[in-house]
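Reading through the C-alpha cells given below for one structure.
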Amino acid sequence: MSTPKYLDIHAIQTLPFSNVNRDDLGSPKTVTFGGVERTRVSSQSWKRPIRLHVDNALNDKIVRTRRVIVGVAERLQAQGWDATEAEWAGIQVAKSAGKEISLKPEQNEKDETVLTTNVLLLLPESSIDDLASLAAEHRDAILAEGKRAKKKTDFKPVLPTETVGEIISRRSGTINLFGRMLAEVPGANVDGAVQMLHPFTTHATTVEYDFFTAVDDIEQDLKLPGSGHLNTAMYSAGTFYRYASVNISDLLNNLDGDAELATALVGAFLHGFIHTLPGGKQNATAPMTVPDIVHTVVRDDRPVSLASAFESPIRGTVGFSTESVLRLNHHAGAINTLLGEGHIAFAGHAPGPNADTDTDLTGLGTRSTGYDELVGQTVTAGYPGARQ
C-alpha cells in the first residue's frame, strides 16, 4: 500500500416531502438516469452549507462577494473617513486589483445605488480589513485622484497593484480545500481538492403539487368568504445516493505540507457532509434527517463513485432505504474485488438509526458505532502520523 491519495465518502439519505433545491420554476431538480426520472440536488447547493460548516469549525471565515468596494468603504467610514472619500478608496481597490475587474452599479438593501465588482471575489474576510488598511496608507493619492476624475469610472489606479493582488489572492483553509476560480487576478486561482456528485434518488420519483392558501385574519373576523392568498408549490420525497471525494495529497500540497491543518479540514468536511442540508424550503418542510448509512474509503489509486449501483432504479414497494443500503454494499464489494483491496488503506461504515444491525455489510468495511468514530478512523488513515 503506497501513500493514501484519495478519500471517498458515500451516503444513503432519505428526505421526506421537501424541496431543498429548486429549479427556475420552483420545482425540485431532476435527472433522467436508468430510463426514469429521479429527484436531484445540485452539488453546489449541498456544497455551500458544507463550506460554511468548515468555516465555522475552523473559525476561518471567507466571503464570496461583489461588494468589496462597499466593505472597504464601511471600514474606512468607521475610522472617520467621509462617505464619498471612503467610496473612492473602495473603487481604487477594485481598479487596482486587475484590468479585467470592472465596476457595476447595484441596488443595496436600502434601495441605494452602490458600485460593485463585475465578478464575485472569494477571499478571507480579514483580507477586506487589510485592503482598507492599505487604502488608508495611500489616502493622499486616493483623494487627489478622486478630485481629479470627472466620473468614478474614470479613476486611474493609485494603489500598488501587486499588493492588492496579493491580498485578494490570499487563501484560507477552506479555499485550499474547495478551490477558487478567479482568472481576473493573476495567481488567485486555486485547484480545489474536493469533487462532489449531484445527489440523486436511487429510485424513480414524481413531483408532488401542494395547493395551499393563507387566511386574511381581518377578513375572517368580518366573516368574509375566501382566502387572502392561494398558490401551488412543488415538492418530492426520496432516498438519495450522495458522494464526494477529497484528493488528500493535493490538499496537503495546497497547505504546503501542513498535515495538522489538513486533518482538521478533512475532519470538518466529513462532519459537514454528514450533518448539513441545503436550505431550500426548510421552514416549510423541516427535512432534518440523518443519513441511513455513511461509508468512507481511503485509497492510493483513484477516487471511486458507486453511483452506477443505482443505474437500475430500485423498485421497492415498502420503502427504498434498506434496499439502497444493500445495493451499495454489494456494489462496493464488487468494486473492491475488481480493483484490488490492496489499494484500500481504510474502509468503514456507520449505519443510521433504521439500519438492521444484523445485516452483513462486509463490502462497506469496518462497522463504526457512530459518525464521530468513523470520521476519526478515516482521517487517521488518510494522514497517518499527523497530530489531530
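Identifiers for the C-alpha cells are assigned positionally: chains receive A, B, ... in sequence, residues are indexed from 1 per chain, and ligands are indexed from 1 in the order shown.
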
Test item: residues at most 9 Å from range 240-255 of chain A, only C-alpha atoms, excluding those fewer than 6 positions along its chain, as a ChimeraX atom specification
/A:3-15,39-40,173,176-177,190-203,261-262,266,273,303-307,310,321,324,382-383

Output C-alpha atoms for every residue in that selection, as a PDB file, in the first residue's frame.
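Output saved as again_2.pdb:
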```pdb
ATOM      1  CA  THR A   3       0.756   6.743   0.379  1.00  0.00           C
ATOM      2  CA  PRO A   4      -3.004   7.436   0.611  1.00  0.00           C
ATOM      3  CA  LYS A   5      -4.167   9.885  -2.067  1.00  0.00           C
ATOM      4  CA  TYR A   6      -7.963   9.894  -2.111  1.00  0.00           C
ATOM      5  CA  LEU A   7     -10.756   9.841   0.432  1.00  0.00           C
ATOM      6  CA  ASP A   8     -14.246   8.897  -0.721  1.00  0.00           C
ATOM      7  CA  ILE A   9     -17.408   9.411   1.309  1.00  0.00           C
ATOM      8  CA  HIS A  10     -20.740   7.880   0.338  1.00  0.00           C
ATOM      9  CA  ALA A  11     -24.131   8.189   1.978  1.00  0.00           C
ATOM     10  CA  ILE A  12     -27.651   6.918   1.571  1.00  0.00           C
ATOM     11  CA  GLN A  13     -30.041   9.534   2.936  1.00  0.00           C
ATOM     12  CA  THR A  14     -33.824   9.694   2.873  1.00  0.00           C
ATOM     13  CA  LEU A  15     -35.528  13.075   2.631  1.00  0.00           C
ATOM     14  CA  THR A  39     -35.070  13.875  -7.934  1.00  0.00           C
ATOM     15  CA  ARG A  40     -31.673  15.584  -7.946  1.00  0.00           C
ATOM     16  CA  GLY A 173      -8.051  26.580   4.735  1.00  0.00           C
ATOM     17  CA  ASN A 176      -7.390  25.399  -0.203  1.00  0.00           C
ATOM     18  CA  LEU A 177      -9.997  22.671   0.268  1.00  0.00           C
ATOM     19  CA  VAL A 190      -6.673  27.562  -6.600  1.00  0.00           C
ATOM     20  CA  ASP A 191      -7.314  23.992  -7.725  1.00  0.00           C
ATOM     21  CA  GLY A 192      -9.725  22.547  -5.202  1.00  0.00           C
ATOM     22  CA  ALA A 193      -9.237  19.153  -3.594  1.00  0.00           C
ATOM     23  CA  VAL A 194     -12.970  18.292  -3.426  1.00  0.00           C
ATOM     24  CA  GLN A 195     -15.158  16.677  -6.069  1.00  0.00           C
ATOM     25  CA  MET A 196     -18.867  16.281  -5.364  1.00  0.00           C
ATOM     26  CA  LEU A 197     -21.633  14.362  -7.091  1.00  0.00           C
ATOM     27  CA  HIS A 198     -25.109  15.774  -7.677  1.00  0.00           C
ATOM     28  CA  PRO A 199     -27.095  13.599  -5.225  1.00  0.00           C
ATOM     29  CA  PHE A 200     -29.969  11.729  -6.867  1.00  0.00           C
ATOM     30  CA  THR A 201     -32.675   9.352  -5.719  1.00  0.00           C
ATOM     31  CA  THR A 202     -31.973   5.653  -6.043  1.00  0.00           C
ATOM     32  CA  HIS A 203     -35.468   5.184  -7.472  1.00  0.00           C
ATOM     33  CA  LEU A 261      -4.399  21.656   9.226  1.00  0.00           C
ATOM     34  CA  ALA A 262      -5.185  19.078   6.545  1.00  0.00           C
ATOM     35  CA  VAL A 266     -10.874  16.900   6.180  1.00  0.00           C
ATOM     36  CA  PHE A 273     -21.071  16.243   4.599  1.00  0.00           C
ATOM     37  CA  PRO A 303     -11.461   8.028  -6.444  1.00  0.00           C
ATOM     38  CA  VAL A 304     -14.390   5.641  -6.929  1.00  0.00           C
ATOM     39  CA  SER A 305     -18.040   6.672  -7.130  1.00  0.00           C
ATOM     40  CA  LEU A 306     -20.673   3.996  -6.531  1.00  0.00           C
ATOM     41  CA  ALA A 307     -23.375   5.878  -8.455  1.00  0.00           C
ATOM     42  CA  PHE A 310     -28.306   2.691  -8.897  1.00  0.00           C
ATOM     43  CA  SER A 321     -33.720   2.803   2.154  1.00  0.00           C
ATOM     44  CA  SER A 324     -30.429   1.032  -1.307  1.00  0.00           C
ATOM     45  CA  GLY A 382      -5.770   9.493   5.301  1.00  0.00           C
ATOM     46  CA  TYR A 383      -2.971  11.264   7.164  1.00  0.00           C
TER      47      TYR A 383
END
```

Can you tell me which residues surround range 363-380 of chain A at a distance of at most 9 Å, considering only C-alpha atoms, apart from same-chain residues fewer than 4 positions away, and format the answer as a ChimeraX atom specification?
/A:7,263-264,266-267,270-271,274,294-298,328-336,346-352,384-388

Report, in Å with one decimal, the straight-line distance from CA of Arg315 in chain A to CA of Ser18 in chain A.
20.8 Å

If we count only C-alpha atoms and set the cut-off at 12 Å, which residues sit around Met181 in chain A, ignoring sequence neighbours fewer than 5 positions away in its own chain? Please answer as number ranges by chain.
A: 64, 119-123, 169, 175-176, 186-192

May I ask for the distance between CA of Ile69 in chain A and CA of Leu103 in chain A, given in Å to one decimal place?
9.4 Å

List every residue of range 145-355 of chain A that DSSP, applied to the backbone of this structure, places in alpha helix (DSSP H), and write the result as number ranges by chain.
A: 145-148, 161-168, 173-178, 217-221, 248-254, 259-275, 282-285, 321-339

Measuring between only C-alpha atoms, which one of A:Asn21, A:Thr30, A:Thr174, A:Ser236 shows the shortest distance to Asn56 in chain A?
A:Thr174

One decimal, in Å: what's the spacing between CA of Leu338 in chain A and CA of Ser43 in chain A?
28.0 Å

Distance criterion (only C-alpha atoms): nearest to Asp60 in chain A out of A:Thr206, A:Thr359, A:Asn118, A:Ser172
A:Ser172

Name all residues at most 10 Å from Gly146 in chain A (count only C-alpha atoms; drop same-chain ones fewer than 5 positions away) and give them as a PyMOL selection string.
chain A and resi 84-85+87-89+91-92+140-141+151-152+154-156

What does the file look like for those residues with N, CA, C and O atoms, as a short mmCIF file (atom, residue, chain, number, x, y, z; two decimals), in the first residue's frame?
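That gives us again.cif:
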```cif
data_model
loop_
_atom_site.label_atom_id
_atom_site.label_comp_id
_atom_site.auth_asym_id
_atom_site.auth_seq_id
_atom_site.Cartn_x
_atom_site.Cartn_y
_atom_site.Cartn_z
N THR A 84 -18.00 59.84 0.88
CA THR A 84 -17.58 59.92 -0.52
C THR A 84 -16.13 59.49 -0.67
O THR A 84 -15.79 58.72 -1.58
N GLU A 85 -15.28 59.97 0.19
CA GLU A 85 -13.87 59.63 0.10
C GLU A 85 -13.64 58.14 0.40
O GLU A 85 -12.77 57.50 -0.21
N GLU A 87 -15.75 55.80 -0.32
CA GLU A 87 -16.14 55.09 -1.54
C GLU A 87 -15.04 55.18 -2.59
O GLU A 87 -14.78 54.21 -3.31
N TRP A 88 -14.38 56.34 -2.70
CA TRP A 88 -13.26 56.46 -3.63
C TRP A 88 -12.20 55.40 -3.32
O TRP A 88 -11.62 54.80 -4.23
N ALA A 89 -11.93 55.19 -2.05
CA ALA A 89 -10.92 54.20 -1.66
C ALA A 89 -11.34 52.80 -2.09
O ALA A 89 -10.53 52.02 -2.59
N ILE A 91 -13.31 52.05 -4.57
CA ILE A 91 -13.17 51.99 -6.03
C ILE A 91 -11.72 51.77 -6.41
O ILE A 91 -11.41 51.00 -7.33
N GLN A 92 -10.82 52.41 -5.71
CA GLN A 92 -9.40 52.25 -6.00
C GLN A 92 -8.94 50.81 -5.79
O GLN A 92 -8.10 50.30 -6.54
N ASP A 140 -3.73 60.14 0.67
CA ASP A 140 -3.50 61.39 -0.09
C ASP A 140 -3.64 61.15 -1.59
O ASP A 140 -4.28 61.95 -2.29
N ALA A 141 -3.07 60.05 -2.08
CA ALA A 141 -3.16 59.75 -3.51
C ALA A 141 -4.60 59.45 -3.92
O ALA A 141 -5.05 59.86 -5.00
N LYS A 151 -15.60 61.36 -13.37
CA LYS A 151 -16.54 60.30 -13.04
C LYS A 151 -15.83 59.21 -12.24
O LYS A 151 -14.62 59.01 -12.41
N LYS A 152 -16.59 58.50 -11.43
CA LYS A 152 -15.99 57.43 -10.62
C LYS A 152 -15.36 56.35 -11.49
O LYS A 152 -14.35 55.75 -11.12
N ASP A 154 -13.82 56.77 -14.14
CA ASP A 154 -12.62 57.27 -14.82
C ASP A 154 -11.39 57.24 -13.91
O ASP A 154 -10.31 57.70 -14.33
N PHE A 155 -11.52 56.76 -12.69
CA PHE A 155 -10.38 56.75 -11.77
C PHE A 155 -9.21 55.97 -12.37
O PHE A 155 -9.39 54.90 -12.93
N LYS A 156 -8.02 56.52 -12.19
CA LYS A 156 -6.80 55.77 -12.52
C LYS A 156 -6.31 55.11 -11.24
O LYS A 156 -6.33 55.71 -10.17
#
```
